[in-house]
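Chemist: Just so it is clear, I am handing over input-v2.txt, which has compact mmCIF, C-alpha atoms.
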# COMPACT_ATOMS: atom_id res chain seq x y z
CA MET A 1369 143.01 112.76 71.73
CA LEU A 1370 142.16 115.91 69.85
CA ASP A 1371 141.75 119.15 71.82
CA VAL A 1372 138.27 120.56 71.11
CA LYS A 1373 137.11 123.85 72.59
CA LYS A 1374 133.40 124.46 73.14
CA GLU A 1375 133.01 128.16 72.31
CA GLY A 1376 129.48 128.33 73.73
CA ILE A 1377 126.12 129.55 72.47
CA ILE A 1378 126.30 131.80 69.39
CA LEU A 1379 122.60 132.39 68.68
CA ASN A 1380 119.42 132.18 70.74
CA LYS A 1381 115.74 132.34 69.83
CA THR A 1382 113.94 135.68 70.11
CA PRO A 1383 110.32 136.74 70.69
CA LEU A 1384 109.91 137.27 66.93
CA ILE A 1385 107.11 135.06 65.66
CA PHE A 1386 109.21 133.14 63.11
CA GLU A 1387 111.85 132.09 65.68
CA ASN A 1388 110.12 132.09 69.05
CA GLU A 1389 110.48 128.32 69.57
CA GLY A 1390 114.12 127.83 68.67
CA VAL A 1391 117.08 128.41 66.35
CA LEU A 1392 119.31 125.55 65.20
CA ASN A 1393 121.26 123.75 62.46
CA PRO A 1394 122.76 126.65 60.47
CA GLY A 1395 124.19 126.68 56.99
CA ILE A 1396 127.54 128.51 57.08
CA ILE A 1397 129.72 130.15 54.46
CA LYS A 1398 132.81 132.31 55.10
CA GLU A 1399 133.81 135.17 52.82
CA GLY A 1400 136.79 137.23 53.86
CA GLU A 1401 136.52 138.09 57.56
CA TYR A 1402 132.76 137.54 57.63
CA VAL A 1403 130.70 134.43 58.29
CA HIS A 1404 127.20 134.23 56.81
CA MET A 1405 124.78 132.09 58.79
CA PHE A 1406 121.53 130.69 57.37
CA TYR A 1407 119.84 129.12 60.35
CA ARG A 1408 116.70 127.12 60.91
CA ALA A 1409 114.16 129.24 62.77
CA VAL A 1410 111.24 127.46 64.44
CA SER A 1411 107.94 129.12 65.27
CA MET A 1412 105.08 127.98 67.48
CA GLY A 1413 103.60 124.75 66.14
CA ASN A 1414 106.99 123.48 64.89
CA ASN A 1415 106.96 125.35 61.57
CA SER A 1416 110.40 126.19 60.21
CA SER A 1417 111.93 128.85 57.98
CA ILE A 1418 115.47 130.05 57.32
CA GLY A 1419 116.75 133.13 59.15
CA TYR A 1420 119.93 135.04 58.39
CA CYS A 1421 122.66 136.65 60.43
CA LYS A 1422 126.19 137.86 59.73
CA LEU A 1423 129.25 137.44 61.93
CA LYS A 1424 132.51 139.35 61.91
CA GLY A 1425 135.14 136.78 62.60
CA PRO A 1426 133.92 133.39 63.79
CA LEU A 1427 131.89 134.44 66.83
CA LEU A 1428 130.71 138.09 66.81
CA ILE A 1429 127.23 138.74 65.39
CA VAL A 1430 127.07 142.13 63.67
CA GLU A 1431 123.83 141.80 61.69
CA ARG A 1432 120.62 139.80 62.10
CA ASP A 1433 117.44 139.92 60.04
CA GLU A 1434 114.09 140.31 61.77
CA ALA A 1435 112.20 138.30 59.16
CA PRO A 1436 112.92 134.93 57.54
CA LEU A 1437 115.02 134.89 54.38
CA LEU A 1438 113.47 131.67 53.07
CA PHE A 1439 110.07 130.37 54.11
CA PRO A 1440 107.44 127.87 52.93
CA GLN A 1441 105.87 128.86 49.60
CA TYR A 1442 104.93 125.56 47.96
CA ASP A 1443 103.06 122.41 48.97
CA TYR A 1444 106.25 120.31 49.16
CA GLU A 1445 107.60 122.58 51.94
CA ALA A 1446 104.31 123.66 53.52
CA HIS A 1447 105.34 122.70 57.06
CA GLY A 1448 109.01 123.59 56.99
CA VAL A 1449 112.13 124.86 55.27
CA GLU A 1450 114.74 123.20 57.46
CA ASP A 1451 118.46 122.59 58.11
CA SER A 1452 120.18 124.46 55.28
CA ARG A 1453 123.71 123.92 54.00
CA ILE A 1454 125.40 126.35 51.63
CA VAL A 1455 128.36 126.27 49.23
CA LYS A 1456 129.54 128.49 46.40
CA ILE A 1457 130.40 126.80 43.11
CA ASP A 1458 131.81 129.07 40.42
CA ASP A 1459 129.68 132.25 40.70
CA LEU A 1460 126.55 130.67 42.17
CA TYR A 1461 125.52 129.93 45.74
CA TYR A 1462 123.83 126.56 46.28
CA LEU A 1463 121.67 126.36 49.38
CA THR A 1464 120.21 122.93 50.09
CA TYR A 1465 117.56 122.29 52.70
CA THR A 1466 115.00 119.78 53.90
CA ALA A 1467 111.51 120.49 52.58
CA TYR A 1468 108.85 119.14 54.93
CA ASP A 1469 105.23 118.93 53.80
CA GLY A 1470 103.89 117.53 57.06
CA ILE A 1471 104.43 113.92 55.96
CA ASN A 1472 107.60 113.71 53.88
CA ALA A 1473 111.02 115.27 54.46
CA LEU A 1474 113.10 115.56 51.28
CA GLY A 1475 116.16 117.45 50.05
CA ALA A 1476 115.50 120.62 48.03
CA LEU A 1477 117.68 123.26 46.38
CA ALA A 1478 117.73 127.04 46.06
CA THR A 1479 120.36 129.13 44.24
CA SER A 1480 121.45 132.75 44.34
CA THR A 1481 124.05 135.08 42.91
CA ASP A 1482 124.09 137.42 45.94
CA MET A 1483 122.78 135.42 48.97
CA LYS A 1484 119.80 137.77 49.12
CA THR A 1485 117.48 136.75 46.29
CA TRP A 1486 116.94 133.01 45.96
CA VAL A 1487 115.48 130.85 43.20
CA LYS A 1488 113.90 127.62 44.42
CA HIS A 1489 114.42 124.54 42.23
CA GLY A 1490 112.23 122.18 44.25
CA ILE A 1491 113.00 118.69 45.51
CA ILE A 1492 116.03 117.15 43.78
CA VAL A 1493 116.39 113.86 45.71
CA PRO A 1494 114.38 110.75 44.73
CA GLN A 1495 110.67 110.69 45.55
CA ILE A 1496 110.07 106.99 46.09
CA THR A 1497 107.86 104.81 48.26
CA TYR A 1498 109.47 102.24 50.50
CA LYS A 1499 107.96 99.44 48.42
CA ASP A 1500 109.53 100.79 45.23
CA PHE A 1501 112.79 101.44 47.07
CA VAL A 1502 113.01 97.78 48.12
CA LEU A 1503 112.07 96.53 44.65
CA SER A 1504 114.68 98.80 43.04
CA THR A 1505 117.60 98.15 45.39
CA ASN A 1506 117.09 94.64 46.67
CA PRO A 1507 116.67 92.07 43.90
CA ASN A 1508 118.60 89.51 45.98
CA ASN A 1509 116.78 90.39 49.22
CA ASP A 1510 120.01 91.39 50.97
CA LEU A 1511 119.29 95.02 51.85
CA ASN A 1512 120.55 96.02 55.30
CA THR A 1513 117.65 95.35 57.69
CA LYS A 1514 118.08 98.81 59.22
CA TYR A 1515 116.63 100.26 56.01
CA ILE A 1516 113.41 98.47 56.93
CA ARG A 1517 113.48 99.74 60.51
CA TYR A 1518 113.98 103.38 59.60
CA ASN A 1519 112.04 103.72 56.36
CA ILE A 1520 109.08 101.36 56.24
CA HIS A 1521 105.61 102.83 56.77
CA GLU A 1522 102.65 100.92 58.08
CA ARG A 1523 100.52 102.36 55.29
CA LEU A 1524 101.25 103.58 51.79
CA PHE A 1525 99.00 106.61 52.37
CA ASP A 1526 98.27 108.72 55.43
CA ASN A 1527 94.78 109.48 56.70
CA GLN A 1528 94.30 112.27 54.15
CA GLY A 1529 95.32 110.11 51.20
CA ASN A 1530 98.77 111.66 50.82
CA ILE A 1531 101.48 109.25 49.71
CA GLU A 1532 104.27 108.45 52.18
CA LEU A 1533 107.78 108.43 50.76
CA VAL A 1534 111.23 107.36 51.92
CA TRP A 1535 112.76 110.33 53.74
CA ASP A 1536 115.91 111.60 52.03
CA LYS A 1537 117.55 114.39 54.04
CA ASN A 1538 120.97 116.00 54.63
CA LEU A 1539 121.46 117.02 51.01
CA ILE A 1540 124.94 118.56 50.85
CA PHE A 1541 126.93 119.65 47.79
CA PHE A 1542 130.70 119.42 47.59
CA PRO A 1543 132.02 123.01 47.36
CA ARG A 1544 133.48 122.59 43.90
CA LYS A 1545 132.99 120.43 40.85
CA ILE A 1546 135.26 117.41 40.43
CA ASP A 1547 136.34 116.90 36.82
CA GLY A 1548 133.66 119.39 35.82
CA LYS A 1549 130.82 117.50 37.54
CA PHE A 1550 128.66 118.09 40.61
CA TYR A 1551 128.99 115.75 43.58
CA PHE A 1552 126.68 115.71 46.57
CA LEU A 1553 125.90 113.72 49.69
CA HIS A 1554 122.42 112.72 50.81
CA ARG A 1555 121.01 110.43 53.46
CA ILE A 1556 118.49 107.61 53.46
CA LYS A 1557 118.80 106.07 56.93
CA PRO A 1558 120.96 104.49 58.24
CA ASP A 1559 123.85 105.39 55.89
CA ILE A 1560 125.24 108.38 53.99
CA GLN A 1561 125.05 108.04 50.22
CA ILE A 1562 126.76 110.02 47.47
CA VAL A 1563 125.79 111.17 43.98
CA VAL A 1564 128.78 111.57 41.68
CA ALA A 1565 129.50 113.15 38.32
CA VAL A 1566 126.27 114.98 37.53
CA GLY A 1567 126.70 117.53 34.76
CA SER A 1568 123.62 119.56 35.72
CA ILE A 1569 120.72 119.47 38.16
CA GLU A 1570 118.40 118.74 35.23
CA GLU A 1571 119.99 115.28 34.95
CA LEU A 1572 118.35 114.22 38.23
CA THR A 1573 115.32 112.69 36.54
CA GLN A 1574 113.21 109.71 37.54
CA SER A 1575 115.23 107.61 35.10
CA PHE A 1576 118.48 108.76 36.73
CA TRP A 1577 117.27 107.67 40.15
CA GLN A 1578 116.03 104.32 38.86
CA ASN A 1579 119.52 103.55 37.55
CA TYR A 1580 121.04 104.90 40.75
CA PHE A 1581 119.05 102.50 42.93
CA LEU A 1582 120.01 99.53 40.76
CA ASN A 1583 123.58 100.07 42.04
CA PHE A 1584 122.62 101.45 45.44
CA ASP A 1585 125.33 99.63 47.43
CA LYS A 1586 127.96 101.27 45.24
CA TRP A 1587 126.89 104.73 46.38
CA ILE A 1588 126.90 104.15 50.15
CA VAL A 1589 129.93 106.20 51.11
CA LEU A 1590 129.72 106.01 54.93
CA THR A 1591 127.94 103.47 57.12
CA PRO A 1592 127.77 103.21 60.93
CA LYS A 1593 130.86 101.57 62.37
CA PHE A 1594 131.56 102.62 65.97
CA ASP A 1595 129.50 102.60 69.17
CA HIS A 1596 128.73 106.35 69.13
CA GLU A 1597 127.16 106.06 65.64
CA VAL A 1598 125.75 102.55 65.83
CA SER A 1599 122.10 103.51 65.25
CA TYR A 1600 122.55 105.67 62.14
CA ILE A 1601 124.61 108.48 60.64
CA GLY A 1602 123.89 111.50 58.45
CA GLY A 1603 125.57 114.40 56.72
CA GLY A 1604 126.75 117.44 58.63
CA CYS A 1605 128.91 120.23 57.20
CA PRO A 1606 129.78 120.61 53.51
CA PRO A 1607 133.01 118.72 52.78
CA ILE A 1608 136.20 120.69 53.40
CA GLU A 1609 138.97 120.31 50.83
CA THR A 1610 142.40 119.60 52.35
CA LYS A 1611 145.61 118.21 50.93
CA GLU A 1612 144.87 114.93 52.71
CA GLY A 1613 141.37 114.56 51.26
CA TRP A 1614 137.82 115.79 51.74
CA LEU A 1615 137.20 116.33 55.44
CA VAL A 1616 133.61 115.37 56.24
CA ILE A 1617 132.08 116.42 59.55
CA TYR A 1618 128.91 114.36 59.97
CA HIS A 1619 126.55 113.37 62.76
CA GLY A 1620 126.43 109.97 64.41
CA VAL A 1621 123.57 108.67 66.53
CA HIS A 1622 123.34 105.95 69.15
CA ASP A 1623 120.35 104.83 71.18
CA SER A 1624 120.67 105.03 74.95
CA LEU A 1625 118.45 104.60 78.00
CA LYS A 1626 117.76 108.35 77.72
CA GLY A 1627 116.95 108.20 74.00
CA TYR A 1628 119.03 108.99 70.94
CA VAL A 1629 122.35 110.81 71.43
CA TYR A 1630 123.65 112.92 68.51
CA SER A 1631 127.39 113.57 68.23
CA ALA A 1632 129.68 115.31 65.75
CA CYS A 1633 131.98 112.88 63.91
CA ALA A 1634 134.79 113.14 61.34
CA ALA A 1635 135.97 111.15 58.32
CA LEU A 1636 138.24 111.70 55.33
CA LEU A 1637 137.29 110.91 51.71
CA ASP A 1638 139.50 110.65 48.62
CA LEU A 1639 139.92 113.97 46.78
CA ASN A 1640 139.45 112.58 43.30
CA ASN A 1641 137.00 109.80 44.10
CA PRO A 1642 135.02 110.69 47.25
CA VAL A 1643 133.26 107.33 47.25
CA ILE A 1644 136.47 106.03 48.84
CA GLU A 1645 136.72 106.50 52.61
CA LEU A 1646 140.32 107.08 53.68
CA ALA A 1647 140.07 107.52 57.45
CA ARG A 1648 137.58 107.94 60.28
CA LEU A 1649 137.79 108.92 63.93
CA PRO A 1650 136.85 105.95 66.13
CA TYR A 1651 135.36 108.30 68.73
CA PRO A 1652 133.10 111.39 68.55
CA LEU A 1653 134.72 114.64 67.51
CA PHE A 1654 132.51 116.14 70.21
CA LYS A 1655 129.31 115.04 71.93
CA PRO A 1656 126.60 116.39 74.25
CA GLU A 1657 128.23 117.24 77.58
CA LEU A 1658 127.08 120.71 78.61
CA GLN A 1659 123.67 121.70 79.95
CA TRP A 1660 122.53 123.41 76.75
CA GLU A 1661 123.46 120.30 74.73
CA LEU A 1662 121.88 117.85 77.17
CA LYS A 1663 118.55 119.63 77.73
CA GLY A 1664 116.38 121.43 75.20
CA GLU A 1665 113.66 120.86 72.65
CA VAL A 1666 115.35 117.52 71.89
CA ASN A 1667 117.79 116.37 74.56
CA ASN A 1668 121.34 115.11 73.94
CA VAL A 1669 122.00 116.73 70.57
CA CYS A 1670 125.12 118.16 68.94
CA PHE A 1671 124.14 118.44 65.26
CA PRO A 1672 126.90 119.98 63.07
CA THR A 1673 125.84 121.71 59.84
CA GLY A 1674 128.46 124.32 58.95
CA SER A 1675 132.09 125.30 59.41
CA ALA A 1676 134.45 128.23 58.90
CA LEU A 1677 138.25 128.13 58.77
CA PHE A 1678 140.30 130.99 60.24
CA ASP A 1679 144.01 130.31 59.73
CA ASP A 1680 144.46 126.80 61.18
CA THR A 1681 141.44 126.97 63.49
CA LEU A 1682 138.31 125.21 62.31
CA PHE A 1683 135.04 126.49 63.79
CA ILE A 1684 132.12 124.07 63.63
CA TYR A 1685 128.60 125.44 64.12
CA TYR A 1686 125.93 123.11 65.41
CA GLY A 1687 122.43 122.83 66.74
CA ALA A 1688 122.47 122.34 70.52
CA ALA A 1689 119.53 120.28 71.82
CA ASP A 1690 117.48 121.49 68.81
CA GLU A 1691 116.98 124.88 70.47
CA GLN A 1692 120.14 127.00 70.22
CA ILE A 1693 123.17 127.39 67.95
CA ALA A 1694 126.61 126.75 69.39
CA CYS A 1695 130.17 126.53 68.12
CA ALA A 1696 133.19 124.32 68.77
CA SER A 1697 136.75 124.91 67.54
CA MET A 1698 139.90 122.88 66.99
CA SER A 1699 143.13 122.87 65.03
CA LEU A 1700 142.53 121.68 61.48
CA SER A 1701 146.06 120.30 61.14
CA ALA A 1702 145.71 118.42 64.43
CA LEU A 1703 142.36 116.96 63.31
CA LEU A 1704 143.86 115.76 60.02
CA LYS A 1705 146.83 114.27 61.88
CA GLU A 1706 144.46 112.40 64.19
CA LEU A 1707 142.40 111.14 61.27
CA LEU A 1708 145.50 109.82 59.49
CA LEU A 1709 146.25 107.75 62.58
CA ASN A 1710 142.98 105.94 61.95
CA PRO A 1711 143.05 104.87 58.29
CA VAL A 1712 140.36 102.70 56.74
CA ILE A 1713 141.75 99.42 55.45
CA HIS A 1714 140.01 98.30 52.26
CA ALA A 1715 139.90 94.62 51.39
For the structure just supplied, provide its representation as C-alpha cells.

Modeler:
Amino acid sequence: MLDVKKEGIILNKTPLIFENEGVLNPGIIKEGEYVHMFYRAVSMGNNSSIGYCKLKGPLLIVERDEAPLLFPQYDYEAHGVEDSRIVKIDDLYYLTYTAYDGINALGALATSTDMKTWVKHGIIVPQITYKDFVLSTNPNNDLNTKYIRYNIHERLFDNQGNIELVWDKNLIFFPRKIDGKFYFLHRIKPDIQIVVAVGSIEELTQSFWQNYFLNFDKWIVLTPKFDHEVSYIGGGCPPIETKEGWLVIYHGVHDSLKGYVYSACAALLDLNNPVIELARLPYPLFKPELQWELKGEVNNVCFPTGSALFDDTLFIYYGAADEQIACASMSLSALLKELLLNPVIHA
C-alpha cells in the first residue's frame, strides 16, 4: 500500500463576508517555489466566489487577499463561481470553474496572462436538457441507467419558468496541447468524459456538441469500477504529465448508511491518446478518516482539486468536509509504481 501523509488543514474560513461560511476545493498552480491557490469561498446563504492566496513552498501561506478575485457577474453564475481548476498553456492561464445560476451547474472558463486580471468566456460545456441528452446519445435505448438516476428532472422548467439542464461540472483542461490541440475532461454523472483535439474554444458550438453526443460512449474515459467509487466519479486535479502517462487524481463516491462518502482516487491515461485508461488504483488514494474530513458542512468528504510537485513529493490539495482546505502528500514515483501494479486490461 502507498504511504500517504495527511499534512493537515491549510486554509480556514474567516469572518470576511465573502468567506464566512467556508473555504474549499482550490485550484492550484505551482511556479518556482510558490504555489498559487484559487479557492472556493462561501458566504452566508451558500453563495460562492473565488478567493486567492499564495504559498511559499507547499504549505506556508505568505499572502491572502481580503476580497474575492472572481465573483458572480452574469446571470449564468448568479448564485456561484465554484470549484476552480487552473493550468497554464503556452503563455495563457486557463481557469475553469462551475457556474451556478441557482438551478443549473455548468463548466465555464476564464483566462488571464498574469493571474490577476481575468477575462470570462462563459459556459463552454453543452447546455442540454435531459430529454435532448437521451435523444442524442441513446438511439438504441442502451444508455447506462445511472444517467437517468442522476440527471433526470421531474419537470422541464422550475417554478419560475427557467429551463433545467443536465449538470456538467468538473471541467478540467490538460496542462498542454496534444498534437497542437486542446484536451479537457468534464463530468456528466456518473462517469468522467473527455473532449479531444479541439483547435480553439470557439469550436465548441452547438453543432460540435450534437456530433459529440452521437458518439457519447466513445468519450467516456473513466467509469465507476470499485466499491469506493461505485455511486459515481468526477474530475479532481488537472492531469499530471509523467513518463508513464497522464496521472489523473479524481474523486470517487459511494453511498453509505451515513450518506455519500467522497474519496481521492488515482488513474493513469495514455500520454498520446488520453481516452485510453492504462491503470487505476483499486482502493482510494485517501479517504475521510480525520475529524475535519468526517464532520463539516458536508460530512465525509475528501475532494481533490489541485496538486503541486516538489522534487518527488506530490502535494494534493482538497476540500475537507466542504468547509476547510487540507493537503495530503506522497511520493510520486511510489504512486506511479503502485499504479503500474494495477494495469487495465483492454479486450

Chemist: So the first atom is atom CA of Tyr1468 of chain A and the second is atom CA of Pro1494 of chain A; what is the distance between them in Å, to one decimal place?

Modeler: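 Result for atom CA of Tyr1468 of chain A versus atom CA of Pro1494 of chain A: 14.3 Å, one decimal.
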
Chemist: Show me as a list in words the residues that reach within 6 Å of (118.8, 104.2, 60.9), counting only C-alpha atoms and using the file's own coordinates.

Modeler: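 Looking at atoms near the point gives Lys1514, Tyr1518, Lys1557, Pro1558, Ser1599 and Tyr1600 of chain A.
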
Chemist: Skip His1447 of chain A itself and residues of its chain fewer than 6 positions away, then list as a PyMOL selection string all residues within 7 Å of it, counting only C-alpha atoms.

Modeler: chain A and resi 1415-1416+1440+1468-1470

Chemist: With distances taken over only C-alpha atoms, which residue among A:Met1369, A:Ile1644, A:Leu1474, A:Ile1377 lies nearest Val1712 of chain A?

Modeler: A:Ile1644

Chemist: Around all of segment 1578-1590 of chain A's listed atoms, make the axis-aligned box with 6 Å on each side and tell me centre and edge lengths in Å to one decimal, as lines of an AutoDock Vina configuration file.

Modeler:
center_x = 123.0
center_y = 102.9
center_z = 46.2
size_x = 25.9
size_y = 18.7
size_z = 29.4

Chemist: For Gly1567 of chain A, which residue out of A:Ile1588, A:Leu1553, A:Ile1397, A:Ile1546 is the nearest one, using all atoms listed in the file?

Modeler: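 Among the listed residues, the smallest separation from Gly1567 of chain A belongs to A:Ile1546.
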
Chemist: Given all atoms listed in the file as the basis, pick out the residue of A:Arg1648, A:Lys1705, A:Lys1655, A:His1714 nearest to Ala1688 of chain A.

Modeler: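 Smallest separation from Ala1688 of chain A among the options: A:Lys1655.
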
Chemist: Under the rule that all atoms listed in the file are counted, which of A:Val1589, A:Leu1423, A:Glu1532, A:Leu1370 is the nearest residue to Leu1707 of chain A?

Modeler: A:Leu1370
